[in-house]
$ cat final.txt   # compact mmCIF, C-alpha atoms (C1' of nucleotides)
# COMPACT_ATOMS: atom_id res chain seq x y z
CA MET L 1 11.14 10.71 0.10
CA LYS L 2 13.41 10.24 3.07
CA TYR L 3 13.70 6.49 2.74
CA ILE L 4 15.03 6.45 -0.81
CA GLU L 5 18.53 7.30 0.30
CA LYS L 6 18.39 4.90 3.20
CA LEU L 7 17.54 2.03 0.90
CA ARG L 8 20.00 2.99 -1.81
CA ASN L 9 22.77 3.32 0.71
CA SER L 10 22.38 -0.31 1.64
CA GLY L 11 22.10 -1.58 -1.90
CA LEU L 12 18.35 -2.05 -1.91
CA ARG L 13 16.42 -0.56 -4.81
CA PRO L 14 13.84 1.87 -3.48
CA THR L 15 10.76 0.21 -4.91
CA LYS L 16 7.23 1.36 -4.24
CA GLN L 17 6.61 -1.60 -1.94
CA ARG L 18 9.76 -1.13 0.10
CA LEU L 19 9.06 2.54 0.56
CA GLN L 20 5.57 1.80 1.73
CA ILE L 21 6.82 -0.78 4.17
CA CYS L 22 9.35 1.77 5.46
CA GLU L 23 6.50 4.17 6.06
CA VAL L 24 4.54 1.68 8.09
CA LEU L 25 7.59 0.56 10.05
CA PHE L 26 9.53 3.74 10.61
CA ASP L 27 7.18 6.73 10.27
CA THR L 28 6.49 6.93 13.95
CA ASP L 29 8.29 7.95 17.11
CA LYS L 30 7.39 4.78 18.90
CA THR L 31 9.11 1.55 18.05
CA PHE L 32 7.06 -1.64 18.07
CA HIS L 33 7.07 -5.41 17.88
CA PHE L 34 5.35 -7.27 15.08
CA THR L 35 4.96 -10.52 13.22
CA ILE L 36 4.85 -10.75 9.43
CA ASN L 37 1.13 -11.15 9.68
CA ASP L 38 0.72 -8.10 11.88
CA LEU L 39 2.68 -6.13 9.34
CA ALA L 40 0.74 -7.36 6.33
CA ASN L 41 -2.50 -6.38 8.05
CA LYS L 42 -1.15 -3.02 9.09
CA ILE L 43 -0.16 -2.33 5.51
CA LYS L 44 -3.58 -3.22 4.23
CA ARG L 45 -5.31 -1.07 6.82
CA GLN L 46 -2.95 1.87 6.94
CA LEU L 47 -2.14 2.18 3.25
CA ASN L 48 -5.35 0.66 1.96
CA ASN L 49 -3.23 -1.33 -0.35
CA LYS L 50 -2.15 -4.92 -0.58
CA ILE L 51 1.46 -6.01 -0.84
CA SER L 52 2.06 -9.65 -1.63
CA LEU L 53 2.91 -11.69 1.43
CA ALA L 54 6.05 -12.96 -0.29
CA THR L 55 7.21 -9.38 -0.69
CA VAL L 56 6.57 -8.63 2.94
CA TYR L 57 8.70 -11.62 3.90
CA ASN L 58 11.44 -10.67 1.48
CA THR L 59 11.49 -7.08 2.60
CA VAL L 60 11.48 -7.78 6.29
CA HIS L 61 14.35 -10.20 5.87
CA ALA L 62 16.27 -7.76 3.73
CA PHE L 63 15.74 -5.03 6.33
CA GLU L 64 16.81 -7.36 9.09
CA LYS L 65 19.98 -8.27 7.25
CA LYS L 66 20.73 -4.58 6.76
CA GLY L 67 20.12 -3.88 10.42
CA TYR L 68 16.89 -1.87 10.14
CA LEU L 69 15.03 -4.49 12.12
CA LYS L 70 15.88 -7.05 14.78
CA GLN L 71 14.47 -10.47 15.29
CA ILE L 72 13.43 -11.14 18.86
CA PRO L 73 14.63 -14.48 20.21
CA ILE L 74 11.56 -16.08 21.66
CA ASN L 75 9.71 -19.32 21.16
CA SER L 76 6.49 -18.78 19.40
CA ASN L 77 4.91 -20.23 16.31
CA GLN L 78 5.54 -16.91 14.60
CA THR L 79 8.71 -14.88 14.30
CA TYR L 80 8.69 -11.56 16.11
CA PHE L 81 10.53 -8.50 14.84
CA ASP L 82 11.34 -5.24 16.52
CA THR L 83 11.73 -1.79 15.00
CA ASN L 84 13.77 -0.86 18.05
CA ILE L 85 17.29 -1.67 16.92
CA THR L 86 19.09 -0.25 19.92
CA ASP L 87 20.71 -2.72 22.29
CA HIS L 88 17.91 -3.71 24.56
CA HIS L 89 16.00 -6.60 26.07
CA HIS L 90 12.48 -7.90 26.55
CA PHE L 91 9.91 -8.94 29.03
CA TYR L 92 7.58 -11.62 27.81
CA ASP L 93 4.24 -11.74 29.55
CA LEU L 94 3.36 -15.43 29.39
CA LYS L 95 -0.32 -14.93 30.10
CA GLU L 96 -0.99 -12.09 27.68
CA GLU L 97 1.61 -13.40 25.23
CA LYS L 98 2.93 -9.87 24.87
CA LEU L 99 6.40 -8.45 24.57
CA ILE L 100 7.50 -5.38 26.49
CA ASP L 101 10.76 -3.52 25.91
CA LEU L 102 13.34 -3.54 28.64
CA GLU L 103 15.93 -0.89 28.07
CA ASN L 104 19.56 -1.59 28.59
CA SER L 105 19.54 0.89 31.42
CA ASP L 106 16.85 -1.16 33.18
CA VAL L 107 19.17 -4.14 33.32
CA GLY L 108 22.39 -4.02 35.28
CA PRO L 109 25.58 -4.47 33.27
CA ILE L 110 26.00 -8.02 31.98
CA ASN L 111 29.41 -9.52 32.08
CA ILE L 112 29.96 -12.73 30.13
CA LEU L 113 32.91 -14.42 31.80
CA LYS L 114 33.18 -17.49 29.61
CA LYS L 115 35.02 -17.14 26.31
CA ILE L 116 34.70 -19.36 23.27
CA ASP L 117 37.88 -19.76 21.23
CA GLY L 118 37.84 -18.02 17.89
CA LYS L 119 34.41 -16.50 18.46
CA LYS L 120 33.34 -12.96 19.16
CA ILE L 121 30.23 -11.87 20.98
CA LYS L 122 27.81 -10.32 18.54
CA SER L 123 24.94 -9.62 20.88
CA VAL L 124 23.68 -10.27 24.37
CA GLU L 125 19.93 -10.52 24.68
CA VAL L 126 17.94 -11.04 27.83
CA LEU L 127 14.43 -12.45 27.91
CA VAL L 128 12.55 -12.03 31.17
CA LYS L 129 9.45 -14.17 31.40
CA LEU L 130 6.61 -12.77 33.48
CA GLU L 131 3.82 -14.55 35.27
CA ASP L 132 1.01 -13.30 37.50
CA MET V 1 12.74 -48.65 37.24
CA LYS V 2 13.82 -45.32 38.66
CA TYR V 3 11.62 -43.19 36.41
CA ILE V 4 8.34 -44.84 37.38
CA GLU V 5 8.12 -42.90 40.61
CA LYS V 6 9.21 -39.70 38.98
CA LEU V 7 6.41 -39.93 36.46
CA ARG V 8 3.77 -41.04 38.94
CA ASN V 9 4.68 -38.23 41.27
CA SER V 10 3.79 -35.72 38.64
CA GLY V 11 0.60 -37.40 37.60
CA LEU V 12 1.92 -38.96 34.42
CA ARG V 13 1.27 -42.65 33.87
CA PRO V 14 4.54 -44.48 33.49
CA THR V 15 3.95 -45.92 30.05
CA LYS V 16 6.53 -47.87 28.11
CA GLN V 17 7.07 -44.97 25.74
CA ARG V 18 7.51 -42.39 28.46
CA LEU V 19 9.98 -44.58 30.31
CA GLN V 20 11.98 -45.11 27.16
CA ILE V 21 12.05 -41.41 26.47
CA CYS V 22 13.22 -40.83 30.04
CA GLU V 23 16.07 -43.24 29.42
CA VAL V 24 17.19 -41.44 26.31
CA LEU V 25 16.86 -38.03 27.92
CA PHE V 26 18.04 -38.56 31.46
CA ASP V 27 20.24 -41.67 31.61
CA THR V 28 23.45 -39.75 31.19
CA ASP V 29 25.58 -37.40 33.23
CA LYS V 30 25.75 -34.85 30.48
CA THR V 31 22.80 -32.68 29.71
CA PHE V 32 22.11 -31.81 26.10
CA HIS V 33 20.10 -29.73 23.66
CA PHE V 34 17.75 -31.30 21.16
CA THR V 35 14.88 -30.81 18.77
CA ILE V 36 11.94 -33.18 18.52
CA ASN V 37 13.49 -34.64 15.41
CA ASP V 38 16.85 -35.18 17.08
CA LEU V 39 15.07 -36.98 19.85
CA ALA V 40 12.98 -39.19 17.57
CA ASN V 41 16.14 -40.24 15.73
CA LYS V 42 18.03 -40.86 18.93
CA ILE V 43 15.23 -43.10 20.15
CA LYS V 44 15.24 -45.08 16.95
CA ARG V 45 19.02 -45.50 17.03
CA GLN V 46 19.55 -45.98 20.72
CA LEU V 47 16.56 -48.16 21.53
CA ASN V 48 16.17 -49.66 18.08
CA ASN V 49 12.55 -48.94 18.43
CA LYS V 50 10.15 -46.48 16.92
CA ILE V 51 7.89 -44.24 18.97
CA SER V 52 5.25 -42.34 17.07
CA LEU V 53 6.22 -38.75 16.40
CA ALA V 54 2.95 -37.60 17.96
CA THR V 55 3.92 -39.37 21.17
CA VAL V 56 7.33 -37.77 21.18
CA TYR V 57 5.68 -34.37 20.86
CA ASN V 58 3.15 -35.17 23.56
CA THR V 59 5.76 -36.48 25.94
CA VAL V 60 8.23 -33.67 25.47
CA HIS V 61 5.50 -31.14 26.09
CA ALA V 62 4.29 -33.02 29.14
CA PHE V 63 7.84 -33.16 30.50
CA GLU V 64 8.34 -29.51 29.82
CA LYS V 65 5.16 -28.62 31.65
CA LYS V 66 6.29 -30.71 34.62
CA GLY V 67 9.68 -29.04 34.61
CA TYR V 68 11.81 -31.97 33.45
CA LEU V 69 12.82 -30.08 30.33
CA LYS V 70 13.23 -26.47 29.35
CA GLN V 71 12.52 -24.82 26.05
CA ILE V 72 15.36 -22.65 24.83
CA PRO V 73 14.23 -19.24 23.57
CA ILE V 74 15.85 -18.89 20.20
CA ASN V 75 14.65 -18.22 16.70
CA SER V 76 14.88 -21.28 14.57
CA ASN V 77 12.43 -23.20 12.46
CA GLN V 78 12.54 -25.94 15.07
CA THR V 79 12.00 -25.73 18.79
CA TYR V 80 15.02 -26.51 20.94
CA PHE V 81 14.80 -28.20 24.30
CA ASP V 82 17.35 -28.63 27.04
CA THR V 83 17.73 -31.42 29.57
CA ASN V 84 19.65 -28.99 31.73
CA ILE V 85 16.92 -27.52 33.88
CA THR V 86 19.16 -25.52 36.19
CA ASP V 87 19.07 -21.75 35.84
CA HIS V 88 21.49 -21.08 33.04
CA HIS V 89 22.01 -19.35 29.73
CA HIS V 90 23.20 -20.01 26.19
CA PHE V 91 25.68 -19.07 23.58
CA TYR V 92 24.40 -19.44 20.06
CA ASP V 93 27.07 -19.90 17.44
CA LEU V 94 25.50 -18.28 14.40
CA LYS V 95 27.82 -19.92 11.91
CA GLU V 96 27.66 -23.45 13.22
CA GLU V 97 24.05 -23.02 14.35
CA LYS V 98 24.96 -24.65 17.64
CA LEU V 99 23.98 -23.96 21.20
CA ILE V 100 26.48 -23.97 24.03
CA ASP V 101 25.61 -23.83 27.72
CA LEU V 102 26.59 -20.79 29.69
CA GLU V 103 26.36 -21.42 33.39
CA ASN V 104 24.90 -18.88 35.70
CA SER V 105 28.32 -18.50 37.27
CA ASP V 106 29.74 -17.49 33.89
CA VAL V 107 27.41 -14.52 33.74
CA GLY V 108 27.61 -11.75 36.27
CA PRO V 109 24.50 -11.24 38.40
CA ILE V 110 21.61 -9.81 36.44
CA ASN V 111 19.53 -7.18 38.05
CA ILE V 112 16.24 -6.28 36.42
CA LEU V 113 15.44 -2.78 37.59
CA LYS V 114 12.14 -2.27 35.79
CA LYS V 115 9.04 -3.70 37.41
CA ILE V 116 5.76 -4.52 35.74
CA ASP V 117 2.68 -4.03 37.90
CA GLY V 118 1.00 -7.22 38.98
CA LYS V 119 3.60 -9.44 37.36
CA LYS V 120 6.33 -11.58 38.84
CA ILE V 121 9.56 -12.57 37.16
CA LYS V 122 9.47 -16.24 36.31
CA SER V 123 12.81 -16.55 34.58
CA VAL V 124 15.68 -14.53 33.20
CA GLU V 125 17.37 -16.03 30.19
CA VAL V 126 20.36 -14.67 28.34
CA LEU V 127 21.18 -15.53 24.75
CA VAL V 128 24.67 -14.59 23.61
CA LYS V 129 25.10 -14.72 19.86
CA LEU V 130 28.56 -15.58 18.60
CA GLU V 131 30.23 -14.75 15.31
CA ASP V 132 33.72 -15.41 13.99
C1' DA Z 1 -7.82 -62.38 36.36
C1' DC Z 2 -11.25 -59.50 34.59
C1' DA Z 3 -14.57 -55.65 33.83
C1' DG Z 4 -14.98 -50.91 33.40
C1' DC Z 5 -13.11 -46.47 32.89
C1' DT Z 6 -9.62 -43.23 31.76
C1' DT Z 7 -5.43 -42.01 29.76
C1' DT Z 8 -2.21 -42.75 26.17
C1' DT Z 9 -0.51 -44.08 21.73
C1' DT Z 10 -0.77 -44.14 16.97
C1' DA Z 11 -0.95 -43.29 11.86
C1' DG Z 12 -2.43 -40.27 9.13
C1' DA Z 13 -4.72 -35.93 8.03
C1' DA Z 14 -4.93 -31.04 8.79
C1' DT Z 15 -2.89 -26.62 9.82
C1' DC Z 16 -0.15 -22.83 9.22
C1' DA Z 17 4.17 -20.12 8.95
C1' DT Z 18 7.59 -19.79 5.86
C1' DT Z 19 10.21 -20.56 1.50
C1' DA Z 20 10.59 -21.69 -3.38
C1' DT Z 21 9.18 -21.00 -8.22
C1' DA Z 22 8.98 -18.88 -12.38
C1' DA Z 23 6.54 -15.51 -14.96
C1' DA Z 24 5.47 -10.53 -15.21
C1' DC Z 25 7.15 -6.14 -13.97
C1' DT Z 26 10.29 -2.20 -12.77
C1' DA Z 27 14.40 0.53 -11.69
C1' DG Z 28 18.70 1.97 -13.30
C1' DT Z 29 21.88 2.64 -17.19
C1' DC Z 30 23.29 3.61 -21.83
C1' DG U 1 13.50 3.46 -25.79
C1' DA U 2 16.00 -0.80 -24.98
C1' DC U 3 18.80 -3.70 -22.14
C1' DT U 4 19.85 -5.99 -17.80
C1' DA U 5 19.56 -7.17 -13.24
C1' DG U 6 16.78 -6.87 -9.39
C1' DT U 7 11.81 -7.17 -7.61
C1' DT U 8 7.18 -8.42 -7.11
C1' DT U 9 3.60 -11.58 -7.41
C1' DA U 10 0.34 -15.51 -7.08
C1' DT U 11 0.67 -19.88 -6.26
C1' DA U 12 2.76 -24.19 -5.05
C1' DA U 13 5.82 -26.63 -2.02
C1' DT U 14 7.84 -27.55 2.37
C1' DG U 15 8.10 -28.81 6.93
C1' DA U 16 7.27 -28.39 11.87
C1' DT U 17 3.60 -28.94 14.75
C1' DT U 18 -1.17 -30.08 16.12
C1' DC U 19 -5.47 -32.55 15.54
C1' DT U 20 -8.37 -36.71 15.10
C1' DA U 21 -10.52 -40.68 16.28
C1' DA U 22 -9.76 -45.44 16.75
C1' DA U 23 -6.94 -49.00 19.05
C1' DA U 24 -4.13 -50.09 23.02
C1' DA U 25 -2.59 -49.87 27.68
C1' DG U 26 -2.77 -48.48 32.73
C1' DC U 27 -5.37 -48.40 36.78
C1' DT U 28 -8.92 -49.56 40.22
C1' DG U 29 -12.22 -52.37 42.37
C1' DT U 30 -14.11 -56.80 42.54

$ encode --input "final.txt" --output "structure tokens"
Amino acid sequence: MKYIEKLRNSGLRPTKQRLQICEVLFDTDKTFHFTINDLANKIKRQLNNKISLATVYNTVHAFEKKGYLKQIPINSNQTYFDTNITDHHHFYDLKEEKLIDLENSDVGPINILKKIDGKKIKSVEVLVKLED
Amino acid sequence: MKYIEKLRNSGLRPTKQRLQICEVLFDTDKTFHFTINDLANKIKRQLNNKISLATVYNTVHAFEKKGYLKQIPINSNQTYFDTNITDHHHFYDLKEEKLIDLENSDVGPINILKKIDGKKIKSVEVLVKLED
DNA sequence: ACAGCTTTTTAGAATCATTATAAACTAGTC
DNA sequence: GACTAGTTTATAATGATTCTAAAAAGCTGT
């Protein structure tokens, strides 16, 4: 199993549940956006198998901390995650309430001129809201 | 009262509560960031007067819809609002969990090269996460 | 000023995503 | 296999936000 090493390398025990979640998240060419609920449903459907919601939360947060997932900064009642962990940005279609990836190359270079003493820039994320 | 007209002009009845909230939000040179809870506390302290939490929610949402406030796109368990409604961006200090304004002039021009059919860009917001 | 109508406020209940709990289970090690 | 620490689980708790429906307040015409 290709995910066993990945998990071990970051200090996460490769449990059955984590491996299954890896499958659902990473066994595809396409990256995607999801909420915890989306993921729980996808697991049930795709693996015909229920993983406790608490475990889904725990795992997603663990993966995020290890850098396998990114949270998308957006105001919504649910938290959105992204399996695309490259530096990139998002469109948010206000009407459809859907996120669309916006690659770094589709945004001109961003130059932050203001500096904050004692702080380093960790990430720069752009959210482009769309209307009709 | 200077806010009466402002409210009437946007079709909101100038009620006592709305006028008081205007005072707390807009009677200052400095703009600021707040959550609903921050605001409810500020009202209690500053006006020595309690406004029902439901009213605070209603009013903030009404003001946001009318463009007197902006929601700040960030992942937090609470929703953040901004009395600064000019086009601008934010630093988010991950350690202190604090927002800092980043004026448009402190960010180089942003050029979104990708277009989505049938959609217009409504806003472009940058979130710069800071670490130590 | 008042009647009539609509909008707003309010306290409290309801909702719903997320987090905490603590008991049962499992992976890794000897 | 037995020990230990890390995980999973169902369920309860939390907490921000929204809903409800009754009371209050704004507005308009008289």

$ interface_residues --input "final.txt" --of "chain Z" --to "chain V" --cutoff "8 Å" --atoms "all atoms listed in the file" --output "list in words"
DT7, DT8, DT9 and DT10 of chain Z

$ write_last_selection --input "final.txt" --atoms "C-alpha atoms (C1' of nucleotides)" --output "tab-separated table (two decimals), keeping the file's coordinate frame"
chain	number	residue	atom	x	y	z
Z	7	DT	C1'	-5.43	-42.01	29.76
Z	8	DT	C1'	-2.21	-42.75	26.17
Z	9	DT	C1'	-0.51	-44.08	21.73
Z	10	DT	C1'	-0.77	-44.14	16.97

$ residues_around --input "final.txt" --residues "region 18-24 of chain Z" --least-positions-apart "3" --cutoff "9 Å" --atoms "all atoms listed in the file" --output "PDB file with C-alpha atoms (C1' of nucleotides), in the coordinates of the input"
ATOM      1  CA  ALA L  54       6.050 -12.960  -0.290  1.00  0.00           C
ATOM      2  CA  TYR L  57       8.700 -11.620   3.900  1.00  0.00           C
TER       3      TYR L  57
ATOM      4  CA  ASN V  77      12.430 -23.200  12.460  1.00  0.00           C
TER       5      ASN V  77
ATOM      6  C1'  DT U   8       7.180  -8.420  -7.110  1.00  0.00           C
ATOM      7  C1'  DT U   9       3.600 -11.580  -7.410  1.00  0.00           C
ATOM      8  C1'  DT U  11       0.670 -19.880  -6.260  1.00  0.00           C
ATOM      9  C1'  DA U  12       2.760 -24.190  -5.050  1.00  0.00           C
ATOM     10  C1'  DA U  13       5.820 -26.630  -2.020  1.00  0.00           C
ATOM     11  C1'  DT U  14       7.840 -27.550   2.370  1.00  0.00           C
TER      12       DT U  14
END

$ residues_near_point --input "final.txt" --point "(3.8, -35.3, 39.4)" --cutoff "12 Å" --atoms "only C-alpha atoms (C1' of nucleotides)" --output "list in words"
Tyr3, Ile4, Glu5, Lys6, Leu7, Arg8, Asn9, Ser10, Gly11, Leu12, Arg13, Pro14, Ala62, Phe63, Lys65, Lys66, Gly67 and Tyr68 of chain V

$ interface_residues --input "final.txt" --of "chain U" --to "chain V" --cutoff "12 Å" --atoms "only C-alpha atoms (C1' of nucleotides)" --output "ChimeraX atom specification"
/U:14-20,24-27

$ atom_distance --input "final.txt" --atom1 "CA of Asn104 (chain L)" --atom2 "CA of His89 (chain L)"
6.6 Å

$ interface_residues --input "final.txt" --of "chain L" --to "chain V" --cutoff "9 Å" --atoms "all atoms listed in the file" --output "tab-separated table (two decimals) with C-alpha atoms, in the frame of the given file"
chain	number	residue	atom	x	y	z
L	71	GLN	CA	14.47	-10.47	15.29
L	72	ILE	CA	13.43	-11.14	18.86
L	73	PRO	CA	14.63	-14.48	20.21
L	74	ILE	CA	11.56	-16.08	21.66
L	75	ASN	CA	9.71	-19.32	21.16
L	76	SER	CA	6.49	-18.78	19.40
L	77	ASN	CA	4.91	-20.23	16.31
L	79	THR	CA	8.71	-14.88	14.30
L	80	TYR	CA	8.69	-11.56	16.11
L	91	PHE	CA	9.91	-8.94	29.03
L	93	ASP	CA	4.24	-11.74	29.55
L	102	LEU	CA	13.34	-3.54	28.64
L	103	GLU	CA	15.93	-0.89	28.07
L	105	SER	CA	19.54	0.89	31.42
L	106	ASP	CA	16.85	-1.16	33.18
L	107	VAL	CA	19.17	-4.14	33.32
L	108	GLY	CA	22.39	-4.02	35.28
L	109	PRO	CA	25.58	-4.47	33.27
L	110	ILE	CA	26.00	-8.02	31.98
L	111	ASN	CA	29.41	-9.52	32.08
L	112	ILE	CA	29.96	-12.73	30.13
L	113	LEU	CA	32.91	-14.42	31.80
L	114	LYS	CA	33.18	-17.49	29.61
L	116	ILE	CA	34.70	-19.36	23.27
L	118	GLY	CA	37.84	-18.02	17.89
L	119	LYS	CA	34.41	-16.50	18.46
L	120	LYS	CA	33.34	-12.96	19.16
L	121	ILE	CA	30.23	-11.87	20.98
L	122	LYS	CA	27.81	-10.32	18.54
L	123	SER	CA	24.94	-9.62	20.88
L	124	VAL	CA	23.68	-10.27	24.37
L	125	GLU	CA	19.93	-10.52	24.68
L	126	VAL	CA	17.94	-11.04	27.83
L	127	LEU	CA	14.43	-12.45	27.91
L	128	VAL	CA	12.55	-12.03	31.17
L	129	LYS	CA	9.45	-14.17	31.40
L	130	LEU	CA	6.61	-12.77	33.48
L	131	GLU	CA	3.82	-14.55	35.27
L	132	ASP	CA	1.01	-13.30	37.50

$ calpha_fit_and_write --input "final.txt" --fixed "chain V" --moving "chain L" --output "CSV table (one decimal) with C-alpha atoms, in the frame of the given file"
chain,number,residue,atom,x,y,z
L,1,MET,CA,12.8,-48.6,37.2
L,2,LYS,CA,13.9,-45.3,38.6
L,3,TYR,CA,11.6,-43.2,36.4
L,4,ILE,CA,8.3,-44.8,37.4
L,5,GLU,CA,8.1,-42.9,40.6
L,6,LYS,CA,9.2,-39.7,38.9
L,7,LEU,CA,6.4,-39.9,36.4
L,8,ARG,CA,3.8,-41.0,38.9
L,9,ASN,CA,4.7,-38.2,41.3
L,10,SER,CA,3.8,-35.7,38.6
L,11,GLY,CA,0.6,-37.4,37.6
L,12,LEU,CA,1.9,-38.9,34.4
L,13,ARG,CA,1.3,-42.6,33.9
L,14,PRO,CA,4.6,-44.5,33.5
L,15,THR,CA,3.9,-45.9,30.1
L,16,LYS,CA,6.5,-47.9,28.1
L,17,GLN,CA,7.1,-45.0,25.7
L,18,ARG,CA,7.5,-42.4,28.5
L,19,LEU,CA,10.0,-44.6,30.3
L,20,GLN,CA,12.0,-45.1,27.2
L,21,ILE,CA,12.0,-41.4,26.5
L,22,CYS,CA,13.2,-40.8,30.0
L,23,GLU,CA,16.0,-43.2,29.4
L,24,VAL,CA,17.2,-41.4,26.3
L,25,LEU,CA,16.8,-38.0,27.9
L,26,PHE,CA,18.0,-38.6,31.5
L,27,ASP,CA,20.2,-41.7,31.6
L,28,THR,CA,23.4,-39.8,31.2
L,29,ASP,CA,25.6,-37.4,33.2
L,30,LYS,CA,25.8,-34.9,30.5
L,31,THR,CA,22.8,-32.7,29.7
L,32,PHE,CA,22.1,-31.8,26.1
L,33,HIS,CA,20.1,-29.7,23.7
L,34,PHE,CA,17.8,-31.3,21.2
L,35,THR,CA,14.9,-30.8,18.8
L,36,ILE,CA,12.0,-33.2,18.5
L,37,ASN,CA,13.5,-34.6,15.4
L,38,ASP,CA,16.9,-35.2,17.1
L,39,LEU,CA,15.1,-37.0,19.8
L,40,ALA,CA,13.0,-39.2,17.6
L,41,ASN,CA,16.1,-40.2,15.7
L,42,LYS,CA,18.0,-40.9,18.9
L,43,ILE,CA,15.2,-43.1,20.1
L,44,LYS,CA,15.2,-45.1,16.9
L,45,ARG,CA,19.0,-45.5,17.0
L,46,GLN,CA,19.5,-46.0,20.7
L,47,LEU,CA,16.5,-48.2,21.5
L,48,ASN,CA,16.2,-49.7,18.1
L,49,ASN,CA,12.5,-49.0,18.4
L,50,LYS,CA,10.1,-46.5,16.9
L,51,ILE,CA,7.9,-44.3,19.0
L,52,SER,CA,5.2,-42.4,17.1
L,53,LEU,CA,6.2,-38.8,16.4
L,54,ALA,CA,3.0,-37.6,18.0
L,55,THR,CA,3.9,-39.4,21.2
L,56,VAL,CA,7.3,-37.8,21.2
L,57,TYR,CA,5.7,-34.4,20.9
L,58,ASN,CA,3.2,-35.1,23.6
L,59,THR,CA,5.8,-36.5,25.9
L,60,VAL,CA,8.2,-33.7,25.5
L,61,HIS,CA,5.5,-31.1,26.1
L,62,ALA,CA,4.3,-33.0,29.1
L,63,PHE,CA,7.8,-33.2,30.5
L,64,GLU,CA,8.3,-29.5,29.8
L,65,LYS,CA,5.2,-28.6,31.7
L,66,LYS,CA,6.3,-30.7,34.6
L,67,GLY,CA,9.7,-29.0,34.6
L,68,TYR,CA,11.8,-32.0,33.4
L,69,LEU,CA,12.8,-30.1,30.3
L,70,LYS,CA,13.2,-26.5,29.3
L,71,GLN,CA,12.5,-24.8,26.0
L,72,ILE,CA,15.4,-22.6,24.8
L,73,PRO,CA,14.2,-19.2,23.6
L,74,ILE,CA,15.8,-18.9,20.2
L,75,ASN,CA,14.6,-18.2,16.7
L,76,SER,CA,14.9,-21.3,14.6
L,77,ASN,CA,12.5,-23.2,12.4
L,78,GLN,CA,12.6,-25.9,15.1
L,79,THR,CA,12.0,-25.7,18.8
L,80,TYR,CA,15.0,-26.5,20.9
L,81,PHE,CA,14.8,-28.2,24.3
L,82,ASP,CA,17.4,-28.6,27.0
L,83,THR,CA,17.7,-31.4,29.6
L,84,ASN,CA,19.7,-29.0,31.7
L,85,ILE,CA,16.9,-27.5,33.9
L,86,THR,CA,19.1,-25.5,36.2
L,87,ASP,CA,19.1,-21.7,35.8
L,88,HIS,CA,21.5,-21.1,33.1
L,89,HIS,CA,22.0,-19.4,29.7
L,90,HIS,CA,23.2,-20.0,26.2
L,91,PHE,CA,25.7,-19.1,23.6
L,92,TYR,CA,24.4,-19.4,20.1
L,93,ASP,CA,27.1,-19.9,17.4
L,94,LEU,CA,25.5,-18.3,14.4
L,95,LYS,CA,27.8,-19.9,11.9
L,96,GLU,CA,27.7,-23.5,13.2
L,97,GLU,CA,24.1,-23.0,14.4
L,98,LYS,CA,25.0,-24.7,17.6
L,99,LEU,CA,24.0,-24.0,21.2
L,100,ILE,CA,26.5,-24.0,24.0
L,101,ASP,CA,25.6,-23.8,27.7
L,102,LEU,CA,26.6,-20.8,29.7
L,103,GLU,CA,26.4,-21.4,33.4
L,104,ASN,CA,24.9,-18.9,35.7
L,105,SER,CA,28.3,-18.5,37.3
L,106,ASP,CA,29.8,-17.5,33.9
L,107,VAL,CA,27.4,-14.5,33.8
L,108,GLY,CA,27.6,-11.7,36.3
L,109,PRO,CA,24.5,-11.2,38.4
L,110,ILE,CA,21.6,-9.8,36.5
L,111,ASN,CA,19.5,-7.2,38.1
L,112,ILE,CA,16.2,-6.3,36.4
L,113,LEU,CA,15.4,-2.8,37.6
L,114,LYS,CA,12.1,-2.3,35.8
L,115,LYS,CA,9.0,-3.7,37.4
L,116,ILE,CA,5.7,-4.5,35.7
L,117,ASP,CA,2.7,-4.1,37.9
L,118,GLY,CA,1.0,-7.2,39.0
L,119,LYS,CA,3.6,-9.5,37.4
L,120,LYS,CA,6.3,-11.6,38.8
L,121,ILE,CA,9.6,-12.6,37.2
L,122,LYS,CA,9.5,-16.2,36.3
L,123,SER,CA,12.8,-16.6,34.6
L,124,VAL,CA,15.7,-14.5,33.2
L,125,GLU,CA,17.4,-16.0,30.2
L,126,VAL,CA,20.3,-14.7,28.3
L,127,LEU,CA,21.2,-15.5,24.8
L,128,VAL,CA,24.7,-14.6,23.6
L,129,LYS,CA,25.1,-14.7,19.8
L,130,LEU,CA,28.6,-15.6,18.6
L,131,GLU,CA,30.2,-14.8,15.3
L,132,ASP,CA,33.7,-15.4,14.0

$ axis_aligned_box --input "final.txt" --around "region 16-25 of chain Z" --padding-each-side "4 Å" --output "AutoDock Vina command-line options"
--center_x 5.2 --center_y -14.5 --center_z -3.0 --size_x 18.7 --size_y 24.7 --size_z 32.4

$ closest_residue --input "final.txt" --among "Z:DA1, Z:DA11, Z:DT6, Z:DT26" --to "DA21 (chain U)" --atoms "all atoms listed in the file"
Z:DA11

$ residues_around --input "final.txt" --residues "DG29 (chain U)" --least-positions-apart "2" --cutoff "12 Å" --atoms "only C-alpha atoms (C1' of nucleotides)" --output "PyMOL selection string"
(chain Z and resi 2-5) or (chain U and resi 27)

$ write_last_selection --input "final.txt" --atoms "C-alpha atoms (C1' of nucleotides)" --output "compact mmCIF listing (two decimals), in the frame of the given file"
# COMPACT_ATOMS: atom_id res chain seq x y z
C1' DC Z 2 -11.25 -59.50 34.59
C1' DA Z 3 -14.57 -55.65 33.83
C1' DG Z 4 -14.98 -50.91 33.40
C1' DC Z 5 -13.11 -46.47 32.89
C1' DC U 27 -5.37 -48.40 36.78

$ atom_distance --input "final.txt" --atom1 "CA of Glu96 (chain V)" --atom2 "CA of Leu69 (chain L)"
22.8 Å

$ residues_near_point --input "final.txt" --point "(15.6, -3.1, -10.3)" --cutoff "7 Å" --atoms "all atoms listed in the file" --output "CSV table (one decimal) with C-alpha atoms (C1' of nucleotides), in the coordinates of the input"
chain,number,residue,atom,x,y,z
L,13,ARG,CA,16.4,-0.6,-4.8
Z,26,DT,C1',10.3,-2.2,-12.8
Z,27,DA,C1',14.4,0.5,-11.7
Z,28,DG,C1',18.7,2.0,-13.3
U,5,DA,C1',19.6,-7.2,-13.2
U,6,DG,C1',16.8,-6.9,-9.4
U,7,DT,C1',11.8,-7.2,-7.6
